[in-house]
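What follows is the content of structure_1.cif (mmCIF, C-alpha atoms).
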data_query
loop_
_atom_site.label_atom_id
_atom_site.label_comp_id
_atom_site.auth_asym_id
_atom_site.auth_seq_id
_atom_site.Cartn_x
_atom_site.Cartn_y
_atom_site.Cartn_z
CA MET A 1 -13.34 0.20 7.47
CA THR A 2 -10.25 -1.74 8.51
CA LEU A 3 -9.10 -4.29 5.94
CA ASP A 4 -7.14 -7.49 6.38
CA ILE A 5 -4.83 -7.54 3.35
CA VAL A 6 -2.53 -10.30 2.12
CA VAL A 7 0.15 -9.39 -0.44
CA LEU A 8 2.18 -11.90 -2.43
CA GLY A 9 4.99 -9.81 -3.87
CA LEU A 10 8.44 -10.16 -5.36
CA SER A 11 10.32 -8.90 -2.29
CA ILE A 12 9.82 -6.37 0.45
CA THR A 13 12.82 -7.43 2.52
CA SER A 14 15.51 -6.66 -0.09
CA SER A 15 15.92 -3.66 -2.37
CA TRP A 16 18.99 -5.15 -4.06
CA GLY A 17 18.39 -4.72 -7.79
CA ASN A 18 14.70 -4.70 -6.92
CA GLY A 19 12.63 -1.57 -7.48
CA HIS A 20 9.52 -3.43 -6.32
CA ALA A 21 10.69 -3.20 -2.71
CA THR A 22 10.39 0.59 -2.71
CA THR A 23 6.82 0.41 -4.01
CA TRP A 24 5.70 -2.27 -1.57
CA ARG A 25 7.29 -0.55 1.41
CA ALA A 26 5.71 2.81 0.68
CA LEU A 27 2.25 1.47 -0.17
CA ILE A 28 2.04 -0.90 2.78
CA LYS A 29 3.24 1.75 5.19
CA GLY A 30 0.52 4.04 3.82
CA LEU A 31 -2.07 1.30 4.32
CA ALA A 32 -0.90 0.64 7.87
CA GLU A 33 -1.10 4.34 8.72
CA ARG A 34 -4.75 4.22 7.65
CA GLY A 35 -5.39 1.35 10.04
CA HIS A 36 -5.24 -1.67 7.74
CA ARG A 37 -3.53 -4.96 8.65
CA VAL A 38 -1.13 -6.34 6.03
CA THR A 39 0.65 -9.68 5.71
CA PHE A 40 3.35 -9.93 3.04
CA LEU A 41 4.20 -13.38 1.68
CA GLU A 42 7.64 -13.50 0.05
CA ARG A 43 9.48 -16.36 -1.65
CA ASP A 44 12.78 -16.95 0.16
CA VAL A 45 15.30 -16.87 -2.70
CA PRO A 46 19.10 -16.70 -2.33
CA TRP A 47 19.71 -13.41 -4.18
CA TYR A 48 17.38 -11.50 -1.85
CA ARG A 49 18.27 -13.53 1.23
CA ASP A 50 21.91 -12.46 0.86
CA HIS A 51 21.02 -8.76 0.51
CA ARG A 52 18.20 -8.11 2.98
CA ASP A 53 18.01 -4.53 4.24
CA LEU A 54 14.57 -4.69 5.92
CA ARG A 55 13.96 -8.12 7.37
CA GLN A 56 10.84 -7.22 9.36
CA PRO A 57 9.09 -3.94 8.50
CA PRO A 58 7.31 -2.36 11.47
CA TRP A 59 4.09 -1.79 9.52
CA CYS A 60 3.32 -5.31 8.30
CA ARG A 61 3.97 -8.97 9.03
CA VAL A 62 6.37 -10.72 6.64
CA GLU A 63 6.16 -14.47 6.09
CA LEU A 64 8.87 -16.12 4.02
CA TYR A 65 8.10 -19.35 2.17
CA GLU A 66 10.55 -21.66 0.43
CA THR A 67 8.50 -23.44 -2.21
CA LEU A 68 5.22 -23.07 -4.05
CA ALA A 69 3.88 -26.00 -2.03
CA ASP A 70 4.38 -24.01 1.18
CA LEU A 71 1.62 -21.57 0.25
CA PRO A 72 -1.38 -23.92 0.51
CA ARG A 73 0.21 -25.76 3.41
CA ARG A 74 0.83 -22.65 5.54
CA HIS A 75 -1.24 -19.74 4.22
CA THR A 76 -4.56 -20.95 2.83
CA ALA A 77 -6.54 -19.61 5.79
CA ALA A 78 -4.95 -16.16 5.55
CA VAL A 79 -5.68 -15.90 1.82
CA ARG A 80 -9.19 -17.32 2.17
CA ASP A 81 -10.20 -14.96 4.99
CA ALA A 82 -8.54 -11.72 3.80
CA ASP A 83 -10.64 -8.77 2.68
CA LEU A 84 -8.16 -8.11 -0.12
CA VAL A 85 -5.47 -10.33 -1.66
CA ILE A 86 -2.93 -8.76 -3.99
CA VAL A 87 -0.56 -10.73 -6.23
CA GLY A 88 2.33 -8.72 -7.63
CA SER A 89 4.10 -9.04 -10.95
CA PHE A 90 7.32 -11.08 -11.28
CA VAL A 91 6.47 -13.28 -8.28
CA PRO A 92 8.28 -16.63 -8.69
CA ASP A 93 5.83 -19.19 -10.08
CA GLY A 94 3.44 -16.26 -10.25
CA ALA A 95 1.01 -17.87 -12.71
CA ALA A 96 0.47 -20.77 -10.32
CA VAL A 97 0.27 -18.39 -7.36
CA ALA A 98 -2.40 -16.34 -9.14
CA GLU A 99 -4.37 -19.49 -9.98
CA TRP A 100 -4.26 -20.57 -6.34
CA VAL A 101 -5.23 -17.16 -4.98
CA THR A 102 -8.19 -16.68 -7.30
CA THR A 103 -9.40 -20.17 -6.38
CA GLN A 104 -9.06 -19.79 -2.61
CA ALA A 105 -9.74 -16.12 -1.79
CA ARG A 106 -13.24 -15.10 -0.75
CA GLY A 107 -12.45 -11.39 -0.56
CA VAL A 108 -11.46 -9.03 -3.36
CA THR A 109 -8.51 -10.18 -5.45
CA ALA A 110 -6.11 -7.95 -7.37
CA PHE A 111 -3.15 -8.40 -9.65
CA TYR A 112 -0.74 -5.49 -9.14
CA ASP A 113 1.35 -5.07 -12.27
CA ILE A 114 4.41 -3.04 -11.35
CA ASP A 115 5.79 -3.80 -14.83
CA THR A 116 2.75 -3.24 -17.06
CA PRO A 117 4.41 -2.54 -20.45
CA VAL A 118 6.79 -5.47 -19.95
CA THR A 119 3.90 -7.73 -18.95
CA LEU A 120 1.79 -6.77 -21.97
CA ALA A 121 4.69 -7.38 -24.35
CA ARG A 122 5.29 -10.80 -22.80
CA LEU A 123 1.60 -11.68 -22.95
CA GLU A 124 1.62 -10.83 -26.66
CA HIS A 125 4.57 -13.16 -27.23
CA GLY A 126 3.38 -15.87 -24.83
CA THR A 127 6.50 -15.59 -22.69
CA THR A 128 5.21 -14.39 -19.32
CA ASP A 129 5.46 -16.89 -16.48
CA TYR A 130 4.07 -14.77 -13.63
CA ILE A 131 0.54 -14.26 -14.97
CA ALA A 132 -1.49 -16.38 -17.38
CA PRO A 133 -3.96 -14.82 -19.83
CA ALA A 134 -6.73 -17.12 -18.59
CA THR A 135 -6.26 -15.93 -15.00
CA ILE A 136 -6.50 -12.19 -15.67
CA PRO A 137 -10.34 -12.13 -15.93
CA ARG A 138 -10.61 -13.97 -12.62
CA PHE A 139 -9.14 -11.09 -10.64
CA ASP A 140 -11.54 -8.42 -9.42
CA LEU A 141 -8.95 -5.74 -10.12
CA TYR A 142 -5.98 -5.33 -12.44
CA LEU A 143 -3.91 -2.62 -10.77
CA SER A 144 -1.42 -1.07 -13.16
CA PHE A 145 1.73 1.03 -12.77
CA THR A 146 0.80 2.44 -16.19
CA GLY A 147 -2.29 4.57 -16.80
CA GLY A 148 -3.69 6.20 -19.91
CA PRO A 149 -4.89 4.19 -22.93
CA VAL A 150 -3.23 0.99 -21.68
CA LEU A 151 -6.01 0.51 -19.13
CA ASP A 152 -8.61 0.12 -21.87
CA LEU A 153 -6.31 -2.31 -23.67
CA ILE A 154 -6.00 -4.50 -20.56
CA GLU A 155 -9.78 -4.74 -20.33
CA THR A 156 -10.61 -5.17 -24.03
CA SER A 157 -7.71 -7.41 -25.10
CA TRP A 158 -7.04 -9.40 -21.93
CA GLY A 159 -10.45 -9.48 -20.29
CA ALA A 160 -9.64 -7.71 -17.03
CA ARG A 161 -12.79 -6.91 -15.07
CA ALA A 162 -11.50 -3.53 -13.93
CA ALA A 163 -8.08 -2.15 -14.94
CA ARG A 164 -7.16 0.76 -12.71
CA ALA A 165 -4.01 2.86 -12.37
CA LEU A 166 -2.16 2.52 -9.09
CA TYR A 167 1.02 4.46 -9.75
CA CYS A 168 4.15 4.27 -7.66
CA ALA A 169 4.36 6.71 -4.77
CA VAL A 170 6.75 8.31 -2.31
CA ASP A 171 7.08 8.02 1.44
CA PRO A 172 7.45 11.68 2.50
CA ASP A 173 8.81 10.62 5.89
CA LEU A 174 11.85 9.19 4.11
CA HIS A 175 12.08 11.55 1.17
CA LYS A 176 12.32 15.16 2.24
CA PRO A 177 14.84 18.00 1.99
CA HIS A 178 18.09 17.59 3.91
CA ASP A 179 20.26 20.44 5.10
CA VAL A 180 23.27 19.62 2.92
CA VAL A 181 25.20 21.64 0.39
CA PRO A 182 24.87 20.00 -3.06
CA HIS A 183 28.28 18.91 -4.34
CA LEU A 184 27.00 17.03 -7.40
CA THR A 185 25.74 18.87 -10.44
CA LEU A 186 23.72 15.90 -11.71
CA GLY A 187 23.05 12.43 -10.33
CA TYR A 188 21.12 9.35 -11.33
CA ILE A 189 19.77 6.25 -9.54
CA GLY A 190 18.96 3.17 -11.62
CA THR A 191 19.93 -0.43 -12.23
CA TYR A 192 21.71 -0.91 -15.56
CA SER A 193 19.37 -1.48 -18.47
CA PRO A 194 20.53 -1.59 -22.12
CA ASP A 195 17.50 0.36 -23.31
CA ARG A 196 18.21 3.19 -20.88
CA GLN A 197 21.93 3.38 -21.45
CA ARG A 198 21.82 5.51 -24.61
CA THR A 199 19.78 8.15 -22.80
CA LEU A 200 22.12 8.01 -19.82
CA ASP A 201 25.04 8.46 -22.22
CA ARG A 202 23.35 11.42 -23.90
CA LEU A 203 22.09 13.26 -20.81
CA LEU A 204 24.74 12.51 -18.17
CA ILE A 205 27.90 10.80 -19.42
CA GLU A 206 28.48 13.05 -22.44
CA PRO A 207 27.74 16.25 -20.46
CA ALA A 208 30.24 15.02 -17.88
CA ARG A 209 32.88 14.60 -20.58
CA ARG A 210 32.26 18.09 -21.90
CA LEU A 211 32.03 19.73 -18.46
CA PRO A 212 35.02 18.27 -16.62
CA SER A 213 34.90 20.86 -13.84
CA LEU A 214 31.47 19.63 -12.71
CA ARG A 215 30.73 16.53 -10.63
CA PHE A 216 28.30 13.74 -11.51
CA ALA A 217 27.24 10.41 -9.98
CA VAL A 218 25.48 7.22 -11.08
CA ALA A 219 24.15 4.83 -8.42
CA GLY A 220 22.94 1.34 -9.24
CA PRO A 221 24.14 -2.24 -9.86
CA GLN A 222 24.89 -4.42 -12.90
CA TYR A 223 26.63 -1.85 -15.12
CA PRO A 224 29.07 -3.57 -17.53
CA ALA A 225 32.74 -3.29 -16.74
CA ASP A 226 33.53 -1.92 -20.19
CA ILE A 227 31.62 1.37 -19.76
CA ALA A 228 34.11 4.24 -20.01
CA TRP A 229 33.08 6.48 -17.13
CA PRO A 230 34.55 10.00 -17.20
CA ALA A 231 36.77 10.79 -14.24
CA ASN A 232 34.21 13.25 -12.83
CA VAL A 233 31.44 10.60 -12.63
CA GLU A 234 31.28 8.84 -9.27
CA ARG A 235 30.00 5.25 -9.40
CA ILE A 236 27.99 3.81 -6.51
CA GLU A 237 27.22 0.11 -6.89
CA HIS A 238 24.22 -0.04 -4.57
CA LEU A 239 22.33 2.65 -2.70
CA PRO A 240 19.80 1.37 -0.13
CA PRO A 241 16.43 3.18 -0.10
CA GLN A 242 17.16 4.81 3.25
CA GLU A 243 20.12 6.59 1.63
CA HIS A 244 18.26 7.87 -1.44
CA ALA A 245 17.17 11.16 0.13
CA CYS A 246 20.71 12.16 1.12
CA PHE A 247 21.90 11.27 -2.37
CA TYR A 248 19.21 13.38 -4.03
CA CYS A 249 19.86 16.32 -1.75
CA ALA A 250 23.56 16.21 -2.62
CA GLN A 251 22.61 17.04 -6.25
CA ARG A 252 21.72 20.33 -7.90
CA TYR A 253 19.68 18.32 -10.41
CA THR A 254 18.68 14.67 -10.64
CA LEU A 255 18.19 12.73 -13.87
CA ASN A 256 15.19 10.56 -14.74
CA VAL A 257 15.65 7.98 -17.51
CA THR A 258 12.70 5.86 -18.64
CA ARG A 259 12.68 2.29 -19.95
CA ALA A 260 11.81 1.92 -23.65
CA ASP A 261 8.68 -0.10 -22.90
CA MET A 262 7.51 2.60 -20.49
CA ILE A 263 8.13 5.34 -23.06
CA ALA A 264 6.15 3.39 -25.66
CA ALA A 265 3.20 2.95 -23.29
CA GLY A 266 3.38 6.42 -21.74
CA TRP A 267 1.79 7.32 -18.41
CA SER A 268 4.45 5.30 -16.56
CA PRO A 269 6.11 7.52 -13.95
CA SER A 270 9.18 6.21 -12.18
CA VAL A 271 9.25 6.33 -8.40
CA ARG A 272 12.52 8.25 -8.76
CA LEU A 273 10.52 11.21 -10.07
CA PHE A 274 8.42 11.37 -6.93
CA GLU A 275 11.33 10.68 -4.58
CA ALA A 276 13.53 13.44 -5.98
CA ALA A 277 10.68 15.93 -6.13
CA ALA A 278 9.74 15.20 -2.51
CA CYS A 279 13.36 15.91 -1.57
CA GLY A 280 13.16 19.33 -3.21
CA VAL A 281 15.58 18.51 -6.04
CA PRO A 282 14.75 19.66 -9.60
CA ILE A 283 14.41 16.85 -12.15
CA VAL A 284 15.80 16.64 -15.67
CA SER A 285 13.81 13.98 -17.53
CA ASP A 286 13.57 12.34 -20.90
CA ARG A 287 10.28 12.81 -22.74
CA TRP A 288 7.25 10.48 -22.77
CA ALA A 289 3.50 10.72 -23.29
CA GLY A 290 1.59 11.51 -20.12
CA LEU A 291 4.49 13.11 -18.27
CA ASP A 292 2.61 16.40 -18.22
CA SER A 293 -0.21 14.77 -16.26
CA PHE A 294 2.19 14.31 -13.34
CA PHE A 295 4.38 17.43 -13.60
CA THR A 296 4.06 20.60 -15.65
CA PRO A 297 7.09 20.89 -17.98
CA GLY A 298 9.08 24.07 -17.47
CA THR A 299 7.58 24.88 -14.07
CA GLU A 300 7.69 21.55 -12.18
CA ILE A 301 10.09 19.50 -14.30
CA LEU A 302 12.72 20.06 -17.01
CA ILE A 303 12.75 18.05 -20.24
CA ALA A 304 15.97 17.32 -22.16
CA ASP A 305 16.11 15.50 -25.48
CA ALA A 306 19.75 16.14 -26.37
CA THR A 307 23.14 16.57 -24.74
CA GLU A 308 23.18 20.28 -25.52
CA GLN A 309 19.85 20.81 -23.73
CA ALA A 310 21.08 19.01 -20.64
CA MET A 311 24.30 21.02 -20.63
CA ALA A 312 22.38 24.31 -20.98
CA ILE A 313 20.28 23.43 -17.94
CA LEU A 314 23.30 22.48 -15.85
CA ARG A 315 25.36 25.53 -16.82
CA ASP A 316 22.90 28.34 -17.45
CA MET A 317 19.78 27.85 -15.32
CA PRO A 318 19.33 30.85 -12.96
CA GLU A 319 19.45 29.74 -9.35
CA GLU A 320 16.12 31.32 -8.49
CA ARG A 321 14.37 29.40 -11.26
CA ARG A 322 16.09 26.17 -10.24
CA ARG A 323 14.75 26.57 -6.69
CA ASP A 324 11.27 27.54 -7.91
CA ILE A 325 11.00 24.42 -10.08
CA ALA A 326 12.09 22.22 -7.18
CA ALA A 327 9.59 23.82 -4.79
CA ALA A 328 6.71 23.51 -7.27
CA ALA A 329 7.43 19.83 -7.89
CA ARG A 330 7.61 19.12 -4.17
CA ARG A 331 4.20 20.77 -3.63
CA ARG A 332 2.70 18.67 -6.44
CA VAL A 333 4.08 15.40 -5.09
CA LEU A 334 2.98 16.01 -1.51
CA ALA A 335 -0.53 16.82 -2.74
CA GLU A 336 -0.96 13.95 -5.21
CA HIS A 337 1.71 11.26 -5.12
CA THR A 338 2.36 10.11 -1.56
CA ALA A 339 1.87 6.55 -0.37
CA ARG A 340 -1.00 7.73 1.82
CA GLU A 341 -2.79 9.00 -1.29
CA ARG A 342 -2.22 5.65 -3.00
CA ALA A 343 -3.65 3.86 0.05
CA ARG A 344 -6.79 5.98 -0.22
CA THR A 345 -7.00 5.16 -3.92
CA LEU A 346 -6.70 1.44 -3.18
CA GLU A 347 -9.48 1.69 -0.60
CA ALA A 348 -11.74 3.23 -3.25
CA TYR A 349 -10.86 0.48 -5.76
CA HIS A 350 -11.64 -2.16 -3.12
CA ALA A 351 -15.05 -0.63 -2.49
CA GLU A 352 -15.69 -0.42 -6.24
CA ALA A 353 -14.78 -4.09 -6.68
CA LEU A 354 -17.08 -5.14 -3.84
CA ALA A 355 -19.96 -3.26 -5.42
CA ALA A 356 -19.24 -4.80 -8.84
CA ARG A 357 -19.13 -8.28 -7.33
CA ALA A 358 -22.47 -7.68 -5.59
CA ARG A 359 -24.01 -6.65 -8.90
CA ARG A 360 -22.66 -9.76 -10.65
CA GLU A 361 -23.98 -12.03 -7.92
CA GLY A 362 -27.32 -10.29 -7.56
CA VAL A 363 -26.60 -9.25 -3.99
CA ARG A 364 -27.10 -5.91 -2.33
CA PRO A 365 -24.06 -5.21 -0.08
CA GLY A 366 -24.98 -5.83 3.55
CA VAL A 367 -28.39 -7.37 2.73
CA GLY A 368 -27.76 -10.88 1.42
CA ALA A 369 -28.91 -12.89 -1.54
CA VAL A 370 -31.90 -11.77 -3.49
CA ALA A 371 -34.73 -14.32 -3.35
#

Final structure tokens representation of the file:
Amino acid sequence: MTLDIVVLGLSITSSWGNGHATTWRALIKGLAERGHRVTFLERDVPWYRDHRDLRQPPWCRVELYETLADLPRRHTAAVRDADLVIVGSFVPDGAAVAEWVTTQARGVTAFYDIDTPVTLARLEHGTTDYIAPATIPRFDLYLSFTGGPVLDLIETSWGARAARALYCAVDPDLHKPHDVVPHLTLGYIGTYSPDRQRTLDRLLIEPARRLPSLRFAVAGPQYPADIAWPANVERIEHLPPQEHACFYCAQRYTLNVTRADMIAAGWSPSVRLFEAAACGVPIVSDRWAGLDSFFTPGTEILIADATEQAMAILRDMPEERRRDIAAAARRRVLAEHTARERARTLEAYHAEALAARARREGVRPGVGAVA
């Protein structure tokens, strides 16, 4: 069944300081490859306008709008007639957008929370402006970047009809092994975040200080000017998604560092895990609940809690074991965590939501109203 899908997301055209772009690009490409038609509605804001690296993706139609008022004026018909309408987290004026979508759409509606632990914390404190508590029960689906026990919480505490995990995913056409000789011992991709910095200090910066003969790199924007980077740490201010694979493949190991909210919630894999694994690069990660449901520690991923553990991995890991861990992680990702797999999952959720709606309305799908 071919679906007409409308997405209202933060940004698909710019990856500048915006991890959402990677998720939207991969998922929508996966949907297009399965025959679905997708329109992406994006607010035209200066900070993304000045840093666009994919103005018109080949696998969906992008429509930019300037103000909230533009949506009903230009896109009511598309939202009303779509089989599935998805509103993403952190959309500007998102609470009003969600209200409008759930009022106008006749197909299945979904809120896709790419920031679930952050959203739940803001809901608790009444500070979220991109989704209102009263709107959550009006969506047919609450799609969450976080799985595990949080899904039950979203349903019981916030009234979601159906909270379902839709984790981030990798595009294996972009992320795959490259024939390059790794010149970096350890690298990391991530926008600066105060709650990640202590882990970055412990697992990359301090090892770099103690192992001056090895080379390291940190790619990502917004790091404060007062960070004392060791001389053997290369800084890259921005790395476009199309350059991620080459960067991973230039590393013997790549580092995963998880936001504090994600650690607290658990079951919140970063897309960097799947990207690096798909590139055949072994991952050194911090520890969080649910990690072992995505990768098996010791055979598909390496866990480091302290500087000494990270240094032991970088210095002492036998090459054969390093390669075996990388190969095992790549097999796992290609089997379970590609964008095509997420597209299939979304299709199943759509069908589930249709069936649930039919039950609520007393209608048998394909038959009509019950007399």

Resolved residues for the PyMOL selection byres ((chain A and resi 246) around 10) as a PyMOL selection string: chain A and resi 174-180+182+242-245+247-251+279

Target residues per the PyMOL selection byres ((chain A and resi 301) around 7), formatted as a list in words: Pro282, Ile283, Val284, Phe295, Thr296, Pro297, Gly298, Thr299, Glu300, Leu302, Ile303, Ile325 and Ala329 of chain A

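Between atom CA of A:Ile28 and atom CA of A:Ile114 there is a distance of 14.5 Å.
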
Let me make sure I understand: among A:Leu204, A:Leu291, A:Leu214, A:Ile236, which one has the smallest atom-to-atom distance to A:Thr191 if we use only C-alpha atoms?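 Ranked by minimum distance to A:Thr191, first place goes to A:Ile236.
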
Atom pair atom CA of A:Asp316 / atom CA of A:Ala219: separation (Å):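 So the answer is 25.2 Å.
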
Need to verify the contact set: A:Thr146, 10 Å, only C-alpha atoms, exclusion of same-chain residues closer than 4 positions in sequence. Can you return it as a VMD selection string? chain A and resid 113 to 117 150 to 151 164 to 168 262 265 to 269 290

As a PDB file, in the coordinates of the input, please: stretch 298-309 of chain A completed to N, CA and C atoms.
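Contents of part_39.pdb, freshly written:
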ATOM      1  N   GLY A 298       8.621  22.680 -17.529  1.00  0.00           N
ATOM      2  CA  GLY A 298       9.080  24.070 -17.470  1.00  0.00           C
ATOM      3  C   GLY A 298       8.844  24.738 -16.147  1.00  0.00           C
ATOM      4  N   THR A 299       7.833  24.282 -15.394  1.00  0.00           N
ATOM      5  CA  THR A 299       7.580  24.880 -14.070  1.00  0.00           C
ATOM      6  C   THR A 299       7.729  23.887 -12.933  1.00  0.00           C
ATOM      7  N   GLU A 300       7.525  22.570 -13.228  1.00  0.00           N
ATOM      8  CA  GLU A 300       7.690  21.550 -12.180  1.00  0.00           C
ATOM      9  C   GLU A 300       8.722  20.494 -12.559  1.00  0.00           C
ATOM     10  N   ILE A 301       9.098  20.464 -13.828  1.00  0.00           N
ATOM     11  CA  ILE A 301      10.090  19.500 -14.300  1.00  0.00           C
ATOM     12  C   ILE A 301      10.741  20.054 -15.556  1.00  0.00           C
ATOM     13  N   LEU A 302      11.974  19.604 -15.835  1.00  0.00           N
ATOM     14  CA  LEU A 302      12.720  20.060 -17.010  1.00  0.00           C
ATOM     15  C   LEU A 302      12.903  18.874 -17.956  1.00  0.00           C
ATOM     16  N   ILE A 303      12.642  19.096 -19.236  1.00  0.00           N
ATOM     17  CA  ILE A 303      12.750  18.050 -20.240  1.00  0.00           C
ATOM     18  C   ILE A 303      13.999  18.290 -21.084  1.00  0.00           C
ATOM     19  N   ALA A 304      14.786  17.227 -21.299  1.00  0.00           N
ATOM     20  CA  ALA A 304      15.970  17.320 -22.160  1.00  0.00           C
ATOM     21  C   ALA A 304      15.937  16.167 -23.161  1.00  0.00           C
ATOM     22  N   ASP A 305      16.054  16.505 -24.426  1.00  0.00           N
ATOM     23  CA  ASP A 305      16.110  15.500 -25.480  1.00  0.00           C
ATOM     24  C   ASP A 305      17.532  15.250 -25.963  1.00  0.00           C
ATOM     25  N   ALA A 306      18.410  16.226 -25.806  1.00  0.00           N
ATOM     26  CA  ALA A 306      19.750  16.140 -26.370  1.00  0.00           C
ATOM     27  C   ALA A 306      20.790  16.588 -25.355  1.00  0.00           C
ATOM     28  N   THR A 307      22.031  16.211 -25.627  1.00  0.00           N
ATOM     29  CA  THR A 307      23.140  16.570 -24.740  1.00  0.00           C
ATOM     30  C   THR A 307      23.220  18.082 -24.532  1.00  0.00           C
ATOM     31  N   GLU A 308      23.054  18.829 -25.600  1.00  0.00           N
ATOM     32  CA  GLU A 308      23.180  20.280 -25.520  1.00  0.00           C
ATOM     33  C   GLU A 308      22.111  20.881 -24.591  1.00  0.00           C
ATOM     34  N   GLN A 309      20.903  20.314 -24.626  1.00  0.00           N
ATOM     35  CA  GLN A 309      19.850  20.810 -23.730  1.00  0.00           C
ATOM     36  C   GLN A 309      20.202  20.529 -22.281  1.00  0.00           C
TER      37      GLN A 309
END
